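Structure first, commentary second.
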Amino acid sequence: MLFDAHAHLDDEKFGGELDGVVEKLQKAGVVGVVNAACDEDSCHTSLALAEKYPWCYFTVGIHPHCAKDYTPKAEALIRRLAAHPKCVAVGEIGLDYHYDNSPREAQRAVFARQLVLADELGKPVVLHLREAYEDANQILAEHRDKLRNGVLLHCYSGSAELARDVYNGLDAYYSFGGAITFAKHKDKVLAVIPPERLLLETDCPYMTPVPLRGQRNDPSLLPYVCAKMAELIGKTPEEVALLTTQNARRFYRLEDQ
Ligand SMILES: [Zn+2]
Ligand SMILES: [Zn+2]
């Protein structure tokens with residue numbers, strides 16, 4: 001039993017051809033996938049996937065790359081789709097200073113705006129933070145009272161110290177994908193995160209785990225991520241699969257499903 005806490009099955013790399021992927025992910029024991037939106041288009045395509053597949057859920061939100069495109073129309077769309085029974089969070093939102101695809105000032109304003117919106121909508125938030133931890137932490141601290149519905153640091157790339165000293169204090173959840181199979185120092189980060197806060201993700205079609213680097217990623221490759229996390233935290237893959245599935249269901253409020 002595995003749960004993919006963050007995927008992009010609507011990415012053009014899948015070309016709308018999910019039949020083979022669906023069969024593979026079911027064989028791999030994947031029982032749930034949350035498809036994350038990044039812009040207005042992917043809010044619509046994520047909704048369509050959730051309506052088509054019983055195991056698929058979705059988020060609505062504007063990615064920091066697209067912060068420059070945040071308009072009243074985009075916000076109205078988020079509000080409308082958030083009412084859908086399979087919409088589980090506002091995301092992915094945050095700051096990305098690695099690519100700087102949107103001006104940093106716009107990223108900060110849109111991030112803060114969506115934290116307020118998520119609280120208003122009663123939804124947890126899925127955060128994308130890259131090379132922007134200082135500014136992100138300031139915004140999170142200023143919006144501390146808006147984070148009561150839960151925070152997920154997707155594809156967590158921050159330090160062990162930040163997790164221990166800042167995010168654990170926010171009751172954050174953390175999801176890890178293919179990067180833990182090849183990035184260094186993930187053992188130190190994992191050591192400070194309570195096991196009941198750990199989730200697995202693919203972020204597919206990107207972040208393919210070792211030993212399949214170079215291929216397109218999809219949720220059927222989660223067992224590689226699960227096995228690596230198990231090795232790093234000293235549990236069996238079966239224990240990690242169960243633990244992370246339960247954690248994902250708790251975070252996304254799918255415990256009855
Ligand atoms: Zn992301
Ligand atoms: Zn993503």
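Letters A, B, ... mark the chains of the structure tokens in the order given; residue numbers begin at 1 per chain; ligand numbers begin at 1, in order shown.
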Would you please give, as JSON, numbers by chain, all residues of stretch 6-222 of chain A that DSSP assigns to strand (DSSP E or B) based on the backbone?
-> {"A": [6, 7, 30, 31, 32, 33, 34, 35, 56, 57, 58, 59, 60, 87, 88, 89, 90, 91, 92, 93, 94, 95, 96, 125, 126, 127, 128, 129, 130, 151, 152, 153, 173, 174, 175, 176, 198, 199, 200]}
Kindly export the residues of the current selection with N, CA, C and O atoms, as a compact mmCIF listing (two decimals), in the first residue's frame.
# COMPACT_ATOMS: atom_id res chain seq x y z
N HIS A 6 2.19 13.76 -4.04
CA HIS A 6 2.39 14.92 -4.91
C HIS A 6 2.84 14.47 -6.30
O HIS A 6 3.95 13.97 -6.47
N ALA A 7 1.96 14.63 -7.29
CA ALA A 7 2.28 14.19 -8.65
C ALA A 7 1.70 15.16 -9.66
O ALA A 7 0.84 15.99 -9.32
N VAL A 30 -0.13 1.25 -5.38
CA VAL A 30 -0.42 2.65 -5.10
C VAL A 30 -1.94 2.82 -4.95
O VAL A 30 -2.70 2.54 -5.88
N VAL A 31 -2.36 3.26 -3.76
CA VAL A 31 -3.80 3.35 -3.48
C VAL A 31 -4.34 4.77 -3.59
O VAL A 31 -5.54 4.99 -3.62
N GLY A 32 -3.43 5.75 -3.65
CA GLY A 32 -3.88 7.14 -3.77
C GLY A 32 -2.81 8.02 -4.39
O GLY A 32 -1.62 7.77 -4.20
N VAL A 33 -3.25 9.02 -5.15
CA VAL A 33 -2.34 10.00 -5.75
C VAL A 33 -3.00 11.37 -5.60
O VAL A 33 -4.19 11.52 -5.90
N VAL A 34 -2.22 12.36 -5.15
CA VAL A 34 -2.72 13.74 -5.15
C VAL A 34 -2.05 14.47 -6.31
O VAL A 34 -0.82 14.60 -6.35
N ASN A 35 -2.86 14.90 -7.25
CA ASN A 35 -2.32 15.63 -8.40
C ASN A 35 -2.30 17.13 -8.06
O ASN A 35 -3.33 17.71 -7.72
N CYS A 56 -7.59 9.17 -7.36
CA CYS A 56 -6.92 10.45 -7.58
C CYS A 56 -7.64 11.60 -6.87
O CYS A 56 -8.87 11.70 -6.92
N TYR A 57 -6.86 12.46 -6.20
CA TYR A 57 -7.34 13.67 -5.55
C TYR A 57 -6.56 14.84 -6.14
O TYR A 57 -5.61 14.63 -6.89
N PHE A 58 -6.92 16.07 -5.80
CA PHE A 58 -6.18 17.18 -6.40
C PHE A 58 -6.08 18.39 -5.48
O PHE A 58 -6.82 18.52 -4.51
N THR A 59 -5.10 19.25 -5.82
CA THR A 59 -4.96 20.53 -5.13
C THR A 59 -5.26 21.65 -6.13
O THR A 59 -5.20 21.44 -7.34
N VAL A 60 -5.56 22.82 -5.60
CA VAL A 60 -5.74 24.00 -6.45
C VAL A 60 -4.84 25.12 -5.93
O VAL A 60 -4.74 25.33 -4.72
N CYS A 87 -11.05 17.92 -3.77
CA CYS A 87 -9.98 18.92 -3.63
C CYS A 87 -9.48 18.87 -2.19
O CYS A 87 -10.21 19.16 -1.26
N VAL A 88 -8.21 18.48 -2.01
CA VAL A 88 -7.71 18.20 -0.66
C VAL A 88 -6.79 19.27 -0.08
O VAL A 88 -6.44 19.20 1.09
N ALA A 89 -6.37 20.25 -0.88
CA ALA A 89 -5.45 21.27 -0.35
C ALA A 89 -5.33 22.43 -1.32
O ALA A 89 -5.73 22.33 -2.49
N VAL A 90 -4.74 23.53 -0.82
CA VAL A 90 -4.33 24.63 -1.69
C VAL A 90 -2.83 24.44 -1.96
O VAL A 90 -2.03 24.33 -1.02
N GLY A 91 -2.46 24.36 -3.23
CA GLY A 91 -1.05 24.15 -3.57
C GLY A 91 -0.91 23.89 -5.05
O GLY A 91 -1.92 23.77 -5.75
N GLU A 92 0.32 23.83 -5.58
CA GLU A 92 1.46 24.06 -4.77
C GLU A 92 1.80 25.54 -4.79
O GLU A 92 1.82 26.16 -5.84
N ILE A 93 2.05 26.09 -3.60
CA ILE A 93 2.30 27.52 -3.45
C ILE A 93 3.63 27.70 -2.72
O ILE A 93 4.11 26.78 -2.07
N GLY A 94 4.23 28.87 -2.85
CA GLY A 94 5.49 29.10 -2.14
C GLY A 94 6.38 30.07 -2.85
O GLY A 94 5.92 31.02 -3.50
N LEU A 95 7.70 29.80 -2.75
CA LEU A 95 8.71 30.67 -3.35
C LEU A 95 9.75 29.80 -4.04
O LEU A 95 10.17 28.77 -3.48
N ASP A 96 10.17 30.20 -5.23
CA ASP A 96 11.23 29.49 -5.94
C ASP A 96 12.21 30.52 -6.49
O ASP A 96 11.94 31.15 -7.50
N VAL A 125 -2.19 23.45 3.27
CA VAL A 125 -1.40 24.00 2.15
C VAL A 125 -0.24 23.08 1.81
O VAL A 125 0.37 22.47 2.69
N VAL A 126 0.05 22.98 0.50
CA VAL A 126 1.21 22.24 0.00
C VAL A 126 2.23 23.27 -0.47
O VAL A 126 1.95 24.06 -1.38
N LEU A 127 3.40 23.25 0.18
CA LEU A 127 4.40 24.27 -0.08
C LEU A 127 5.51 23.79 -0.99
O LEU A 127 6.05 22.69 -0.81
N HIS A 128 5.86 24.65 -1.95
CA HIS A 128 7.03 24.45 -2.80
C HIS A 128 8.02 25.56 -2.44
O HIS A 128 7.78 26.73 -2.76
N LEU A 129 9.09 25.20 -1.75
CA LEU A 129 10.10 26.19 -1.33
C LEU A 129 11.44 25.77 -1.89
O LEU A 129 11.90 24.65 -1.65
N ARG A 130 12.05 26.66 -2.65
CA ARG A 130 13.36 26.33 -3.21
C ARG A 130 14.27 27.55 -3.16
O ARG A 130 13.95 28.59 -3.75
N VAL A 151 0.32 21.98 7.06
CA VAL A 151 1.34 22.43 6.11
C VAL A 151 2.12 21.21 5.64
O VAL A 151 2.57 20.41 6.46
N LEU A 152 2.27 21.08 4.33
CA LEU A 152 3.13 20.01 3.79
C LEU A 152 4.27 20.64 3.01
O LEU A 152 4.05 21.42 2.07
N LEU A 153 5.50 20.33 3.43
CA LEU A 153 6.68 20.78 2.69
C LEU A 153 6.98 19.71 1.66
O LEU A 153 7.55 18.67 1.99
N TYR A 173 4.15 18.63 7.92
CA TYR A 173 4.43 17.32 7.32
C TYR A 173 5.48 17.56 6.24
O TYR A 173 5.65 18.68 5.74
N TYR A 174 6.18 16.48 5.87
CA TYR A 174 7.26 16.58 4.89
C TYR A 174 7.09 15.44 3.89
O TYR A 174 6.90 14.29 4.29
N SER A 175 7.17 15.73 2.60
CA SER A 175 7.17 14.60 1.66
C SER A 175 8.48 14.57 0.89
O SER A 175 9.08 15.61 0.59
N PHE A 176 8.90 13.34 0.63
CA PHE A 176 10.17 13.09 -0.04
C PHE A 176 9.93 12.22 -1.26
O PHE A 176 9.12 11.28 -1.22
N LEU A 198 6.01 11.93 8.00
CA LEU A 198 6.66 11.62 6.72
C LEU A 198 5.68 11.12 5.67
O LEU A 198 4.85 10.24 5.94
N LEU A 199 5.80 11.66 4.46
CA LEU A 199 5.00 11.21 3.32
C LEU A 199 5.93 10.87 2.16
O LEU A 199 7.07 11.36 2.11
N LEU A 200 5.43 10.08 1.22
CA LEU A 200 6.18 9.78 -0.01
C LEU A 200 5.51 10.48 -1.18
O LEU A 200 4.29 10.64 -1.21
Need to verify the contact set: A:Asn149, 6 Å, only C-alpha atoms, exclusion of same-chain residues closer than 2 positions in sequence. Can you return it as a compact mmCIF listing (two decimals) with N, CA and C atoms, in the first residue's frame?
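Dumped to around.txt:
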# COMPACT_ATOMS: atom_id res chain seq x y z
N LYS A 123 -8.58 24.79 4.12
CA LYS A 123 -7.76 23.75 3.48
C LYS A 123 -6.31 23.78 3.99
N PRO A 124 -5.68 22.59 4.05
CA PRO A 124 -4.24 22.58 4.29
C PRO A 124 -3.49 23.13 3.08
N LEU A 147 -2.22 28.83 9.47
CA LEU A 147 -1.67 27.52 9.11
C LEU A 147 -2.32 26.38 9.90
Considering only C-alpha atoms, return as a short mmCIF file (atom, residue, chain, number, x, y, z; two decimals) with N, CA and C atoms, in the first residue's frame whatever protein or nucleic-acid residues lie within 12 Å of A:Lys184, sequence-local ones (same chain, fewer than 5 positions apart) excluded.
data_model
loop_
_atom_site.label_atom_id
_atom_site.label_comp_id
_atom_site.auth_asym_id
_atom_site.auth_seq_id
_atom_site.Cartn_x
_atom_site.Cartn_y
_atom_site.Cartn_z
N SER A 157 13.75 20.25 0.69
CA SER A 157 15.17 20.39 0.35
C SER A 157 15.91 21.25 1.37
N GLY A 158 15.23 21.60 2.46
CA GLY A 158 15.86 22.43 3.48
C GLY A 158 16.77 21.59 4.38
N SER A 159 17.34 22.27 5.36
CA SER A 159 18.30 21.60 6.24
C SER A 159 17.61 20.88 7.39
N ALA A 179 14.54 12.33 -4.97
CA ALA A 179 15.79 12.97 -4.53
C ALA A 179 16.44 12.23 -3.37
N VAL A 189 18.44 14.88 7.70
CA VAL A 189 17.15 15.55 7.69
C VAL A 189 16.08 14.60 8.23
N LEU A 190 16.08 13.37 7.72
CA LEU A 190 15.06 12.41 8.14
C LEU A 190 15.16 12.12 9.64
N LEU A 232 17.03 4.54 5.25
CA LEU A 232 17.54 5.73 5.94
C LEU A 232 16.96 5.90 7.35
#
DSSP helix (DSSP H, G or I) selection over stretch 195-256 of chain A, as an NGL selection string = :A and (195-197 or 219-233 or 237-251)
Resulting file, chosen residues, N, CA, C and O atoms, as a CSV table (one decimal), in the first residue's frame:
chain,number,residue,atom,x,y,z
A,195,PRO,N,8.4,10.3,12.6
A,195,PRO,CA,8.0,9.4,11.6
A,195,PRO,C,6.5,9.6,11.2
A,195,PRO,O,6.1,9.4,10.0
A,196,GLU,N,5.7,10.1,12.1
A,196,GLU,CA,4.3,10.3,11.8
A,196,GLU,C,4.1,11.6,11.0
A,196,GLU,O,2.9,12.0,10.7
A,197,ARG,N,5.2,12.2,10.6
A,197,ARG,CA,5.1,13.4,9.7
A,197,ARG,C,5.7,13.2,8.3
A,197,ARG,O,5.8,14.1,7.5
A,219,PRO,N,3.9,7.1,-10.6
A,219,PRO,CA,3.7,6.6,-9.3
A,219,PRO,C,4.1,5.1,-9.1
A,219,PRO,O,4.3,4.7,-8.0
A,220,SER,N,4.2,4.4,-10.2
A,220,SER,CA,4.6,3.0,-10.0
A,220,SER,C,6.1,2.8,-9.6
A,220,SER,O,6.5,1.7,-9.2
A,221,LEU,N,6.8,3.9,-9.6
A,221,LEU,CA,8.2,3.9,-9.1
A,221,LEU,C,8.4,4.3,-7.7
A,221,LEU,O,9.5,4.3,-7.1
A,222,LEU,N,7.2,4.5,-7.0
A,222,LEU,CA,7.3,4.8,-5.5
A,222,LEU,C,8.0,3.8,-4.7
A,222,LEU,O,8.6,4.1,-3.7
A,223,PRO,N,7.9,2.5,-5.0
A,223,PRO,CA,8.6,1.5,-4.2
A,223,PRO,C,10.1,1.8,-4.0
A,223,PRO,O,10.7,1.5,-3.0
A,224,TYR,N,10.7,2.4,-5.0
A,224,TYR,CA,12.2,2.7,-4.9
A,224,TYR,C,12.4,3.8,-3.8
A,224,TYR,O,13.4,3.7,-3.1
A,225,VAL,N,11.5,4.8,-3.8
A,225,VAL,CA,11.6,5.8,-2.8
A,225,VAL,C,11.3,5.3,-1.4
A,225,VAL,O,12.0,5.6,-0.5
A,226,CYS,N,10.3,4.4,-1.4
A,226,CYS,CA,9.9,3.8,-0.1
A,226,CYS,C,11.1,3.0,0.5
A,226,CYS,O,11.4,3.1,1.7
A,227,ALA,N,11.7,2.2,-0.4
A,227,ALA,CA,12.8,1.3,0.1
A,227,ALA,C,14.0,2.2,0.6
A,227,ALA,O,14.6,1.8,1.6
A,228,LYS,N,14.2,3.3,-0.1
A,228,LYS,CA,15.4,4.1,0.3
A,228,LYS,C,15.0,4.8,1.7
A,228,LYS,O,15.9,4.9,2.6
A,229,MET,N,13.8,5.3,1.8
A,229,MET,CA,13.4,5.9,3.1
A,229,MET,C,13.5,4.9,4.2
A,229,MET,O,14.0,5.2,5.3
A,230,ALA,N,13.1,3.7,3.9
A,230,ALA,CA,13.1,2.6,4.9
A,230,ALA,C,14.6,2.4,5.4
A,230,ALA,O,14.9,2.3,6.6
A,231,GLU,N,15.5,2.3,4.4
A,231,GLU,CA,16.9,2.2,4.8
A,231,GLU,C,17.4,3.3,5.6
A,231,GLU,O,18.1,3.1,6.6
A,232,LEU,N,17.0,4.5,5.3
A,232,LEU,CA,17.5,5.7,5.9
A,232,LEU,C,17.0,5.9,7.4
A,232,LEU,O,17.6,6.5,8.2
A,233,ILE,N,15.8,5.4,7.6
A,233,ILE,CA,15.2,5.6,8.9
A,233,ILE,C,15.1,4.3,9.7
A,233,ILE,O,14.6,4.3,10.8
A,237,PRO,N,10.5,-1.6,4.4
A,237,PRO,CA,9.7,-1.0,3.4
A,237,PRO,C,8.2,-1.1,3.7
A,237,PRO,O,7.4,-0.2,3.4
A,238,GLU,N,7.8,-2.3,4.2
A,238,GLU,CA,6.4,-2.5,4.5
A,238,GLU,C,5.9,-1.5,5.6
A,238,GLU,O,4.8,-0.9,5.5
A,239,GLU,N,6.8,-1.3,6.6
A,239,GLU,CA,6.4,-0.4,7.7
A,239,GLU,C,6.3,1.1,7.1
A,239,GLU,O,5.4,1.8,7.5
A,240,VAL,N,7.3,1.4,6.3
A,240,VAL,CA,7.2,2.8,5.7
A,240,VAL,C,6.0,3.0,4.8
A,240,VAL,O,5.4,4.1,4.8
A,241,ALA,N,5.7,2.0,4.0
A,241,ALA,CA,4.5,2.1,3.1
A,241,ALA,C,3.3,2.4,3.9
A,241,ALA,O,2.5,3.3,3.6
A,242,LEU,N,3.1,1.6,5.0
A,242,LEU,CA,1.9,1.8,5.8
A,242,LEU,C,1.9,3.1,6.5
A,242,LEU,O,0.9,3.9,6.5
A,243,LEU,N,3.0,3.4,7.1
A,243,LEU,CA,3.2,4.7,7.9
A,243,LEU,C,2.9,5.9,7.0
A,243,LEU,O,2.1,6.8,7.4
A,244,THR,N,3.5,6.0,5.8
A,244,THR,CA,3.4,7.1,5.0
A,244,THR,C,2.0,7.2,4.4
A,244,THR,O,1.5,8.3,4.1
A,245,THR,N,1.4,6.1,4.1
A,245,THR,CA,0.0,6.1,3.6
A,245,THR,C,-0.9,6.7,4.7
A,245,THR,O,-1.8,7.5,4.4
A,246,GLN,N,-0.8,6.2,5.9
A,246,GLN,CA,-1.6,6.7,7.0
A,246,GLN,C,-1.4,8.2,7.2
A,246,GLN,O,-2.3,9.0,7.4
A,247,ASN,N,-0.1,8.6,7.1
A,247,ASN,CA,0.2,10.0,7.3
A,247,ASN,C,-0.4,10.9,6.2
A,247,ASN,O,-1.0,12.0,6.5
A,248,ALA,N,-0.3,10.4,5.0
A,248,ALA,CA,-0.9,11.2,3.8
A,248,ALA,C,-2.4,11.3,4.0
A,248,ALA,O,-3.0,12.4,3.8
A,249,ARG,N,-3.1,10.2,4.4
A,249,ARG,CA,-4.5,10.2,4.6
A,249,ARG,C,-4.9,11.2,5.7
A,249,ARG,O,-5.9,11.9,5.7
A,250,ARG,N,-4.1,11.2,6.8
A,250,ARG,CA,-4.4,12.1,7.9
A,250,ARG,C,-4.2,13.6,7.4
A,250,ARG,O,-5.1,14.4,7.6
A,251,PHE,N,-3.1,13.9,6.8
A,251,PHE,CA,-2.8,15.2,6.3
A,251,PHE,C,-3.9,15.7,5.4
A,251,PHE,O,-4.4,16.9,5.5
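Among the candidates A:Gly234, A:Gly178, A:Gly122, A:Pro194, the one nearest to A:Pro209 when counting only C-alpha atoms is A:Gly178.
Taking atom CA of A:Cys66 as the reference point, atom CA of A:Arg253 is found at 27.3 Å.
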Work out how far atom CA of A:Ile193 is from atom CA of A:Thr236, in Å to one decimal.
-> 17.3 Å
For A:His8, please output as a PyMOL selection string all residues within 12 Å (counting only C-alpha atoms; exclusion window: fewer than 4 positions along the same chain).
-> chain A and resi 4+12-16+18+33-39+42-43+45-47+49-50+56-59+92+201-207+216-219
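For the atom pair formed by atom CA of A:Val22 and atom CA of A:Lys86, the distance is 18.4 Å, given to one decimal.
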Find the spatial neighbours of A:Leu170, counting only C-alpha atoms, within a cut-off of 10 Å - ignore same-chain residues fewer than 6 positions away - and output them as a PyMOL selection string.
-> chain A and resi 140-141+144+147-148+150-151+163
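Nearest to ligand 1 of all the residues A:Asp145, A:Arg79, A:Pro64, A:Ala183 is A:Pro64, based on only C-alpha atoms and all ligand atoms.
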